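See below for the structure under consideration.
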Amino acid sequence: MVGCGGTGSFAAEGLCRLLAGHPQIELRLIDGDRVEEGNLGRQNFCPEDLGRFKAQALAERLARRYRHPVAYSVAPVQRDDLSRCALVVGCVDNAEARSAIAQAVSPALWWVDSGNGREFGQVLVGNAKAEDLRGAFDERWSVCHALPLPTWVRPELLVPDPGASCAEAVEQGPTVNLWMATLVVEAVRRLLEGRLAWWQGFLDLETFSLRTVPATPEAVSRFSGMRLKSLLKRGD
């Protein structure tokens, strides 16, 4: 998991709960930020964590609490950091980190990306560039092998923001990160179980609504802005 701030700090604990009883699956947390006073009211940290690296504080606490192996890194995420992973969960608020993740993703590496504003947010799931989408859907077995990268569907995610971080740039609601973390963990759970039926989820706390986009050739074609139906379906 890349990013241990508002959403990531809660999602990390949810993932540990999810992986309890599966010691062969290692969870690795990547974040170079330290816990500050302003983080305590909205993120999953306590006063004892002040000044510590977020990834380290979370990893040590969660490993003790859930008796599950949790590794951590405080260095900026690099492509090589993700080369041996099967799944990367992105809870970051900057284009640089998303760019590193996008470069590392391949058909063998799925990416669950999350982002949010004050009272809304989205979770996007993907693993493939345009050239890797051929035969993405096997309709005979109702299986999806590939979906477009989050940064292909939302290219603005790779545009650097010269302003402050997400938490500083916009005042966020006190519960939006808890909701987003739940949505992230649910996406991971269903993906690991092989029954995730959607690839985009949109949360709006103002209207208290959750909307998902189904993982179908028609939906992928519509959101990618390309005529991909014939390419996405697998022939005999």
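Following the order of the structure tokens, first chain is A, next is B, and so on, with residues numbered from 1 inside each chain and ligands from 1 in the order they appear.
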
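Every protein, DNA or RNA residue with an atom at most 9 Å from region 62-76 of chain A, where only C-alpha atoms count and chain neighbours fewer than 5 positions away do not, is listed here: Ala12, Glu13, Cys16, Arg17, Leu19, Ala20, Gly21, His22, Pro23, Gln24, Ile25, Glu26, Leu27, Arg28, Leu29, Ile30, Asp31, Gly32, Asp33, Phe53, Lys54, Ala55, Gln56, Ala57 and Ala97 of chain A.
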
Store the residues of this selection in a file with N, CA and C atoms, as a PDB file, in the first residue's frame.
```pdb
ATOM      1  N   ALA A  12      -5.076   0.458   5.937  1.00  0.00           N
ATOM      2  CA  ALA A  12      -4.033  -0.478   6.363  1.00  0.00           C
ATOM      3  C   ALA A  12      -4.555  -1.404   7.454  1.00  0.00           C
ATOM      4  N   GLU A  13      -5.293  -0.847   8.415  1.00  0.00           N
ATOM      5  CA  GLU A  13      -5.847  -1.687   9.477  1.00  0.00           C
ATOM      6  C   GLU A  13      -6.912  -2.626   8.920  1.00  0.00           C
ATOM      7  N   CYS A  16      -5.205  -5.509   7.284  1.00  0.00           N
ATOM      8  CA  CYS A  16      -4.685  -6.472   8.260  1.00  0.00           C
ATOM      9  C   CYS A  16      -5.798  -7.384   8.772  1.00  0.00           C
ATOM     10  N   ARG A  17      -6.954  -6.824   9.013  1.00  0.00           N
ATOM     11  CA  ARG A  17      -8.098  -7.651   9.429  1.00  0.00           C
ATOM     12  C   ARG A  17      -8.453  -8.648   8.327  1.00  0.00           C
ATOM     13  N   LEU A  19      -6.524  -9.881   6.052  1.00  0.00           N
ATOM     14  CA  LEU A  19      -5.479 -10.881   5.808  1.00  0.00           C
ATOM     15  C   LEU A  19      -5.197 -11.747   7.022  1.00  0.00           C
ATOM     16  N   ALA A  20      -5.912 -11.510   8.112  1.00  0.00           N
ATOM     17  CA  ALA A  20      -5.695 -12.323   9.314  1.00  0.00           C
ATOM     18  C   ALA A  20      -5.900 -13.800   8.982  1.00  0.00           C
ATOM     19  N   GLY A  21      -4.964 -14.627   9.397  1.00  0.00           N
ATOM     20  CA  GLY A  21      -5.042 -16.049   9.085  1.00  0.00           C
ATOM     21  C   GLY A  21      -4.374 -16.417   7.784  1.00  0.00           C
ATOM     22  N   HIS A  22      -3.790 -15.430   7.110  1.00  0.00           N
ATOM     23  CA  HIS A  22      -3.066 -15.699   5.853  1.00  0.00           C
ATOM     24  C   HIS A  22      -1.646 -15.145   5.961  1.00  0.00           C
ATOM     25  N   PRO A  23      -0.806 -15.736   6.814  1.00  0.00           N
ATOM     26  CA  PRO A  23       0.543 -15.204   7.052  1.00  0.00           C
ATOM     27  C   PRO A  23       1.431 -15.230   5.817  1.00  0.00           C
ATOM     28  N   GLN A  24       1.060 -16.005   4.811  1.00  0.00           N
ATOM     29  CA  GLN A  24       1.881 -16.076   3.607  1.00  0.00           C
ATOM     30  C   GLN A  24       1.743 -14.813   2.747  1.00  0.00           C
ATOM     31  N   ILE A  25       0.733 -13.993   3.044  1.00  0.00           N
ATOM     32  CA  ILE A  25       0.534 -12.754   2.298  1.00  0.00           C
ATOM     33  C   ILE A  25       1.119 -11.605   3.104  1.00  0.00           C
ATOM     34  N   GLU A  26       2.140 -10.983   2.560  1.00  0.00           N
ATOM     35  CA  GLU A  26       2.789  -9.883   3.264  1.00  0.00           C
ATOM     36  C   GLU A  26       2.185  -8.554   2.859  1.00  0.00           C
ATOM     37  N   LEU A  27       1.927  -7.724   3.827  1.00  0.00           N
ATOM     38  CA  LEU A  27       1.460  -6.365   3.586  1.00  0.00           C
ATOM     39  C   LEU A  27       2.641  -5.424   3.766  1.00  0.00           C
ATOM     40  N   ARG A  28       2.845  -4.550   2.791  1.00  0.00           N
ATOM     41  CA  ARG A  28       3.944  -3.590   2.875  1.00  0.00           C
ATOM     42  C   ARG A  28       3.387  -2.182   2.755  1.00  0.00           C
ATOM     43  N   LEU A  29       3.762  -1.317   3.686  1.00  0.00           N
ATOM     44  CA  LEU A  29       3.296   0.064   3.712  1.00  0.00           C
ATOM     45  C   LEU A  29       4.422   0.989   3.268  1.00  0.00           C
ATOM     46  N   ILE A  30       4.103   1.910   2.351  1.00  0.00           N
ATOM     47  CA  ILE A  30       5.103   2.848   1.824  1.00  0.00           C
ATOM     48  C   ILE A  30       4.603   4.275   2.031  1.00  0.00           C
ATOM     49  N   ASP A  31       5.365   5.048   2.799  1.00  0.00           N
ATOM     50  CA  ASP A  31       5.028   6.462   3.019  1.00  0.00           C
ATOM     51  C   ASP A  31       6.209   7.131   3.718  1.00  0.00           C
ATOM     52  N   GLY A  32       6.638   8.264   3.188  1.00  0.00           N
ATOM     53  CA  GLY A  32       7.779   8.959   3.762  1.00  0.00           C
ATOM     54  C   GLY A  32       7.418  10.100   4.690  1.00  0.00           C
ATOM     55  N   ASP A  33       6.129  10.316   4.939  1.00  0.00           N
ATOM     56  CA  ASP A  33       5.699  11.415   5.801  1.00  0.00           C
ATOM     57  C   ASP A  33       5.727  11.006   7.275  1.00  0.00           C
ATOM     58  N   PHE A  53       7.578   8.165  11.585  1.00  0.00           N
ATOM     59  CA  PHE A  53       7.136   7.930  10.209  1.00  0.00           C
ATOM     60  C   PHE A  53       5.788   7.209  10.256  1.00  0.00           C
ATOM     61  N   LYS A  54       4.867   7.657   9.425  1.00  0.00           N
ATOM     62  CA  LYS A  54       3.529   7.064   9.415  1.00  0.00           C
ATOM     63  C   LYS A  54       3.586   5.575   9.103  1.00  0.00           C
ATOM     64  N   ALA A  55       4.354   5.201   8.082  1.00  0.00           N
ATOM     65  CA  ALA A  55       4.427   3.791   7.677  1.00  0.00           C
ATOM     66  C   ALA A  55       4.991   2.930   8.801  1.00  0.00           C
ATOM     67  N   GLN A  56       6.014   3.421   9.469  1.00  0.00           N
ATOM     68  CA  GLN A  56       6.633   2.653  10.551  1.00  0.00           C
ATOM     69  C   GLN A  56       5.692   2.512  11.739  1.00  0.00           C
ATOM     70  N   ALA A  57       5.062   3.620  12.140  1.00  0.00           N
ATOM     71  CA  ALA A  57       4.155   3.578  13.289  1.00  0.00           C
ATOM     72  C   ALA A  57       3.014   2.598  13.042  1.00  0.00           C
ATOM     73  N   ALA A  97       3.734  10.043  -7.127  1.00  0.00           N
ATOM     74  CA  ALA A  97       3.551   8.676  -6.627  1.00  0.00           C
ATOM     75  C   ALA A  97       2.675   7.870  -7.572  1.00  0.00           C
TER      76      ALA A  97
END
```

Excluding same-chain residues fewer than 4 positions from Trp179 (chain A), what lies within 10 Å of it counting only C-alpha atoms, as a list of chain:residue names?
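Listed by chain and then number, they are A:Thr7, A:Phe10, A:Ala11, A:Glu119, A:Phe120, A:Gly121, A:Thr175, A:Leu183, A:Val184, A:Leu203, A:Asp204, A:Leu205.
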
Can I get the selection written as a short mmCIF file (atom, residue, chain, number, x, y, z; two decimals), in the first residue's frame, with C-alpha atoms?
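Final output, part-v3.cif:
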```cif
data_model
loop_
_atom_site.label_atom_id
_atom_site.label_comp_id
_atom_site.auth_asym_id
_atom_site.auth_seq_id
_atom_site.Cartn_x
_atom_site.Cartn_y
_atom_site.Cartn_z
CA THR A 7 -7.51 6.96 3.81
CA PHE A 10 -7.49 3.30 8.08
CA ALA A 11 -7.25 1.04 5.02
CA GLU A 119 -17.34 14.91 1.06
CA PHE A 120 -16.79 12.68 -1.97
CA GLY A 121 -14.28 10.23 -3.38
CA THR A 175 -15.47 10.86 8.21
CA LEU A 183 -14.58 1.05 0.01
CA VAL A 184 -10.90 0.34 -0.69
CA LEU A 203 -18.96 7.92 -3.00
CA ASP A 204 -20.94 11.09 -2.23
CA LEU A 205 -21.60 11.80 1.43
#
```

One decimal, in Å: what's the spacing between CA of Arg98 (chain A) and CA of Leu158 (chain A)?
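About the pair CA of Arg98 (chain A) and CA of Leu158 (chain A): they are 6.6 Å apart.
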
Pick from A:Leu18, A:Glu131, A:Ala108, A:Leu147, whichever lies nearest to Arg190 (chain A) using only C-alpha atoms:
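Nearest candidate to Arg190 (chain A) out of A:Leu18, A:Glu131, A:Ala108, A:Leu147: A:Leu18.
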
Tell me, as a list of chain:residue names, which residues lie within 9 Å of Trp111 (chain A), counting only C-alpha atoms; anything in the same chain fewer than 5 positions away does not count.
A:Ala86, A:Leu87, A:Val88, A:Val89, A:Gly90, A:Ile101, A:Ala102, A:Val105, A:Leu124, A:Val125, A:Gly126, A:Asn127, A:Leu149, A:Pro150

Could you tell me which of A:Pro47, A:Gly117, A:Glu37, A:Arg79 comes closest to Pro174 (chain A) if we count only C-alpha atoms?
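Using only C-alpha atoms, Pro174 (chain A) sits closest to A:Gly117.
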
Select from region 12-142 of chain A everything DSSP, run on the backbone, classes as strand (DSSP E), then give the selection as a PyMOL selection string.
chain A and resi 27-30+70-73+87-90+110-116+120-126+137-138

Residue nearest Val35 (chain A) - candidates A:Leu191, A:Cys4, A:Val92, A:Cys144, atoms counted: only C-alpha atoms:
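The closest residue to Val35 (chain A) is A:Cys4.
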
For Val220 (chain A), which residue out of A:Trp152, A:Arg189, A:Gln172, A:Phe202 is the nearest one, using only C-alpha atoms?
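Residue with the minimum atom-to-atom distance to Val220 (chain A): A:Trp152.
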
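Shell of Cys91 (chain A) at 8 Å, with only C-alpha atoms counted and residues fewer than 6 places along the chain excluded, is Met1, Val2, Gly3, Cys4, Gly5, Thr7, Gly8, Asp113, Ser114 and Gly115 of chain A.
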
Can I get the selected residues back with C-alpha atoms, as a PDB file, in the first residue's frame?
```pdb
ATOM      1  CA  MET A   1       0.000   0.000   0.000  1.00  0.00           C
ATOM      2  CA  VAL A   2       1.361   3.369  -1.046  1.00  0.00           C
ATOM      3  CA  GLY A   3       0.212   6.243   1.163  1.00  0.00           C
ATOM      4  CA  CYS A   4      -0.570   6.019   4.887  1.00  0.00           C
ATOM      5  CA  GLY A   5      -2.432   9.275   5.422  1.00  0.00           C
ATOM      6  CA  THR A   7      -7.507   6.956   3.806  1.00  0.00           C
ATOM      7  CA  GLY A   8      -4.389   4.797   3.875  1.00  0.00           C
ATOM      8  CA  ASP A 113      -6.425   3.649  -6.544  1.00  0.00           C
ATOM      9  CA  SER A 114      -8.365   5.959  -4.241  1.00  0.00           C
ATOM     10  CA  GLY A 115      -8.789   9.706  -3.985  1.00  0.00           C
TER      11      GLY A 115
END
```

Using DSSP secondary structure from the backbone, list all helix (DSSP H, G or I) positions within region 94-229 of chain A, as an MDAnalysis selection string.
chainID A and resid 95:104 130:132 150:153 155:158 166:169 176:192 217:224 229

Would you save the residues of that selection, restricted to N, CA and C atoms, as a short mmCIF file (atom, residue, chain, number, x, y, z; two decimals), in the first residue's frame?
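Now in part.cif:
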```cif
data_model
loop_
_atom_site.label_atom_id
_atom_site.label_comp_id
_atom_site.auth_asym_id
_atom_site.auth_seq_id
_atom_site.Cartn_x
_atom_site.Cartn_y
_atom_site.Cartn_z
N ALA A 95 0.77 13.44 -7.96
CA ALA A 95 0.97 12.85 -9.29
C ALA A 95 2.25 12.02 -9.36
N GLU A 96 3.27 12.41 -8.62
CA GLU A 96 4.55 11.70 -8.69
C GLU A 96 4.41 10.25 -8.24
N ALA A 97 3.73 10.04 -7.13
CA ALA A 97 3.55 8.68 -6.63
C ALA A 97 2.67 7.87 -7.57
N ARG A 98 1.62 8.48 -8.09
CA ARG A 98 0.74 7.76 -9.02
C ARG A 98 1.50 7.42 -10.30
N SER A 99 2.38 8.28 -10.75
CA SER A 99 3.16 8.00 -11.95
C SER A 99 4.07 6.80 -11.74
N ALA A 100 4.70 6.70 -10.56
CA ALA A 100 5.56 5.55 -10.26
C ALA A 100 4.75 4.26 -10.25
N ILE A 101 3.54 4.33 -9.67
CA ILE A 101 2.69 3.14 -9.65
C ILE A 101 2.29 2.76 -11.07
N ALA A 102 1.88 3.74 -11.87
CA ALA A 102 1.43 3.47 -13.24
C ALA A 102 2.53 2.83 -14.07
N GLN A 103 3.77 3.23 -13.86
CA GLN A 103 4.89 2.65 -14.61
C GLN A 103 5.15 1.20 -14.22
N ALA A 104 4.83 0.86 -12.98
CA ALA A 104 5.11 -0.49 -12.51
C ALA A 104 4.00 -1.48 -12.84
N ALA A 130 -3.41 0.31 -22.91
CA ALA A 130 -4.27 0.04 -24.06
C ALA A 130 -3.85 -1.22 -24.82
N GLU A 131 -2.52 -1.37 -24.99
CA GLU A 131 -2.04 -2.52 -25.78
C GLU A 131 -2.22 -3.85 -25.05
N ASP A 132 -2.53 -3.82 -23.76
CA ASP A 132 -2.70 -5.05 -22.99
C ASP A 132 -4.16 -5.43 -22.79
N PRO A 150 -6.16 3.28 -13.85
CA PRO A 150 -6.86 4.48 -13.36
C PRO A 150 -6.37 5.76 -14.02
N THR A 151 -5.07 5.83 -14.31
CA THR A 151 -4.51 7.05 -14.90
C THR A 151 -4.79 7.15 -16.39
N TRP A 152 -5.28 6.08 -17.00
CA TRP A 152 -5.71 6.17 -18.40
C TRP A 152 -7.14 6.73 -18.46
N VAL A 153 -7.95 6.28 -17.53
CA VAL A 153 -9.32 6.76 -17.47
C VAL A 153 -9.37 8.18 -16.93
N PRO A 155 -6.65 10.82 -16.72
CA PRO A 155 -5.28 11.30 -16.94
C PRO A 155 -4.89 12.48 -16.07
N GLU A 156 -5.88 13.22 -15.56
CA GLU A 156 -5.57 14.37 -14.70
C GLU A 156 -4.90 13.95 -13.40
N LEU A 157 -4.97 12.65 -13.06
CA LEU A 157 -4.31 12.17 -11.85
C LEU A 157 -2.80 12.27 -11.96
N LEU A 158 -2.29 12.38 -13.18
CA LEU A 158 -0.85 12.48 -13.39
C LEU A 158 -0.38 13.92 -13.58
N CYS A 166 -3.29 17.14 -0.56
CA CYS A 166 -4.74 16.99 -0.60
C CYS A 166 -5.40 17.47 0.69
N ALA A 167 -4.83 17.06 1.83
CA ALA A 167 -5.43 17.41 3.11
C ALA A 167 -5.33 18.90 3.39
N GLU A 168 -4.28 19.56 2.86
CA GLU A 168 -4.08 20.97 3.12
C GLU A 168 -4.83 21.83 2.11
N ALA A 169 -4.99 21.31 0.89
CA ALA A 169 -5.57 22.11 -0.18
C ALA A 169 -7.07 22.28 -0.01
N VAL A 176 -14.90 11.23 5.85
CA VAL A 176 -14.79 10.80 4.46
C VAL A 176 -13.70 9.74 4.29
N ASN A 177 -12.59 9.86 5.04
CA ASN A 177 -11.51 8.89 4.89
C ASN A 177 -11.88 7.51 5.43
N LEU A 178 -12.70 7.49 6.48
CA LEU A 178 -13.18 6.21 6.99
C LEU A 178 -14.05 5.50 5.94
N TRP A 179 -14.93 6.26 5.30
CA TRP A 179 -15.77 5.69 4.26
C TRP A 179 -14.91 5.21 3.09
N MET A 180 -13.94 6.01 2.68
CA MET A 180 -13.09 5.64 1.54
C MET A 180 -12.28 4.39 1.86
N ALA A 181 -11.77 4.31 3.08
CA ALA A 181 -10.98 3.14 3.46
C ALA A 181 -11.83 1.87 3.39
N THR A 182 -13.08 1.96 3.82
CA THR A 182 -13.98 0.81 3.75
C THR A 182 -14.19 0.39 2.31
N LEU A 183 -14.38 1.35 1.42
CA LEU A 183 -14.58 1.05 0.01
C LEU A 183 -13.33 0.41 -0.59
N VAL A 184 -12.16 0.90 -0.21
CA VAL A 184 -10.90 0.34 -0.69
C VAL A 184 -10.75 -1.11 -0.25
N VAL A 185 -10.97 -1.36 1.02
CA VAL A 185 -10.80 -2.73 1.54
C VAL A 185 -11.82 -3.67 0.92
N GLU A 186 -13.03 -3.20 0.70
CA GLU A 186 -14.04 -4.05 0.05
C GLU A 186 -13.64 -4.38 -1.38
N ALA A 187 -13.08 -3.42 -2.09
CA ALA A 187 -12.61 -3.69 -3.45
C ALA A 187 -11.50 -4.73 -3.44
N VAL A 188 -10.58 -4.60 -2.50
CA VAL A 188 -9.48 -5.57 -2.39
C VAL A 188 -10.02 -6.95 -2.05
N ARG A 189 -10.96 -7.01 -1.11
CA ARG A 189 -11.52 -8.31 -0.72
C ARG A 189 -12.14 -9.03 -1.92
N ARG A 190 -12.97 -8.31 -2.65
CA ARG A 190 -13.64 -8.94 -3.79
C ARG A 190 -12.66 -9.27 -4.91
N LEU A 191 -11.63 -8.44 -5.06
CA LEU A 191 -10.63 -8.73 -6.08
C LEU A 191 -9.86 -9.99 -5.74
N LEU A 192 -9.48 -10.15 -4.48
CA LEU A 192 -8.75 -11.34 -4.05
C LEU A 192 -9.62 -12.60 -4.17
N PRO A 217 -17.45 -4.83 -21.20
CA PRO A 217 -16.84 -4.20 -22.38
C PRO A 217 -17.50 -2.88 -22.73
N GLU A 218 -18.81 -2.82 -22.58
CA GLU A 218 -19.53 -1.59 -22.92
C GLU A 218 -19.11 -0.43 -22.01
N ALA A 219 -19.03 -0.71 -20.71
CA ALA A 219 -18.66 0.34 -19.76
C ALA A 219 -17.21 0.78 -19.96
N VAL A 220 -16.32 -0.16 -20.21
CA VAL A 220 -14.92 0.19 -20.44
C VAL A 220 -14.78 1.04 -21.69
N SER A 221 -15.49 0.67 -22.75
CA SER A 221 -15.45 1.45 -23.99
C SER A 221 -15.97 2.86 -23.77
N ARG A 222 -17.04 2.97 -23.02
CA ARG A 222 -17.64 4.28 -22.81
C ARG A 222 -16.74 5.20 -21.99
N PHE A 223 -16.16 4.68 -20.93
CA PHE A 223 -15.36 5.52 -20.06
C PHE A 223 -13.97 5.78 -20.61
N SER A 224 -13.47 4.92 -21.47
CA SER A 224 -12.14 5.14 -22.03
C SER A 224 -12.18 6.03 -23.26
N LYS A 229 -14.90 -2.51 -27.98
CA LYS A 229 -15.69 -3.71 -27.73
C LYS A 229 -15.11 -4.94 -28.42
#
```

Pick from A:Pro107, A:Gly194, A:Gly173, A:Gly41: nearest to Ser83 (chain A), with only C-alpha atoms counted?
A:Pro107

Separation of CA of Ser106 (chain A) and CA of Glu193 (chain A), in Å?
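Interatomic distance, CA of Ser106 (chain A) to CA of Glu193 (chain A): 19.6 Å.
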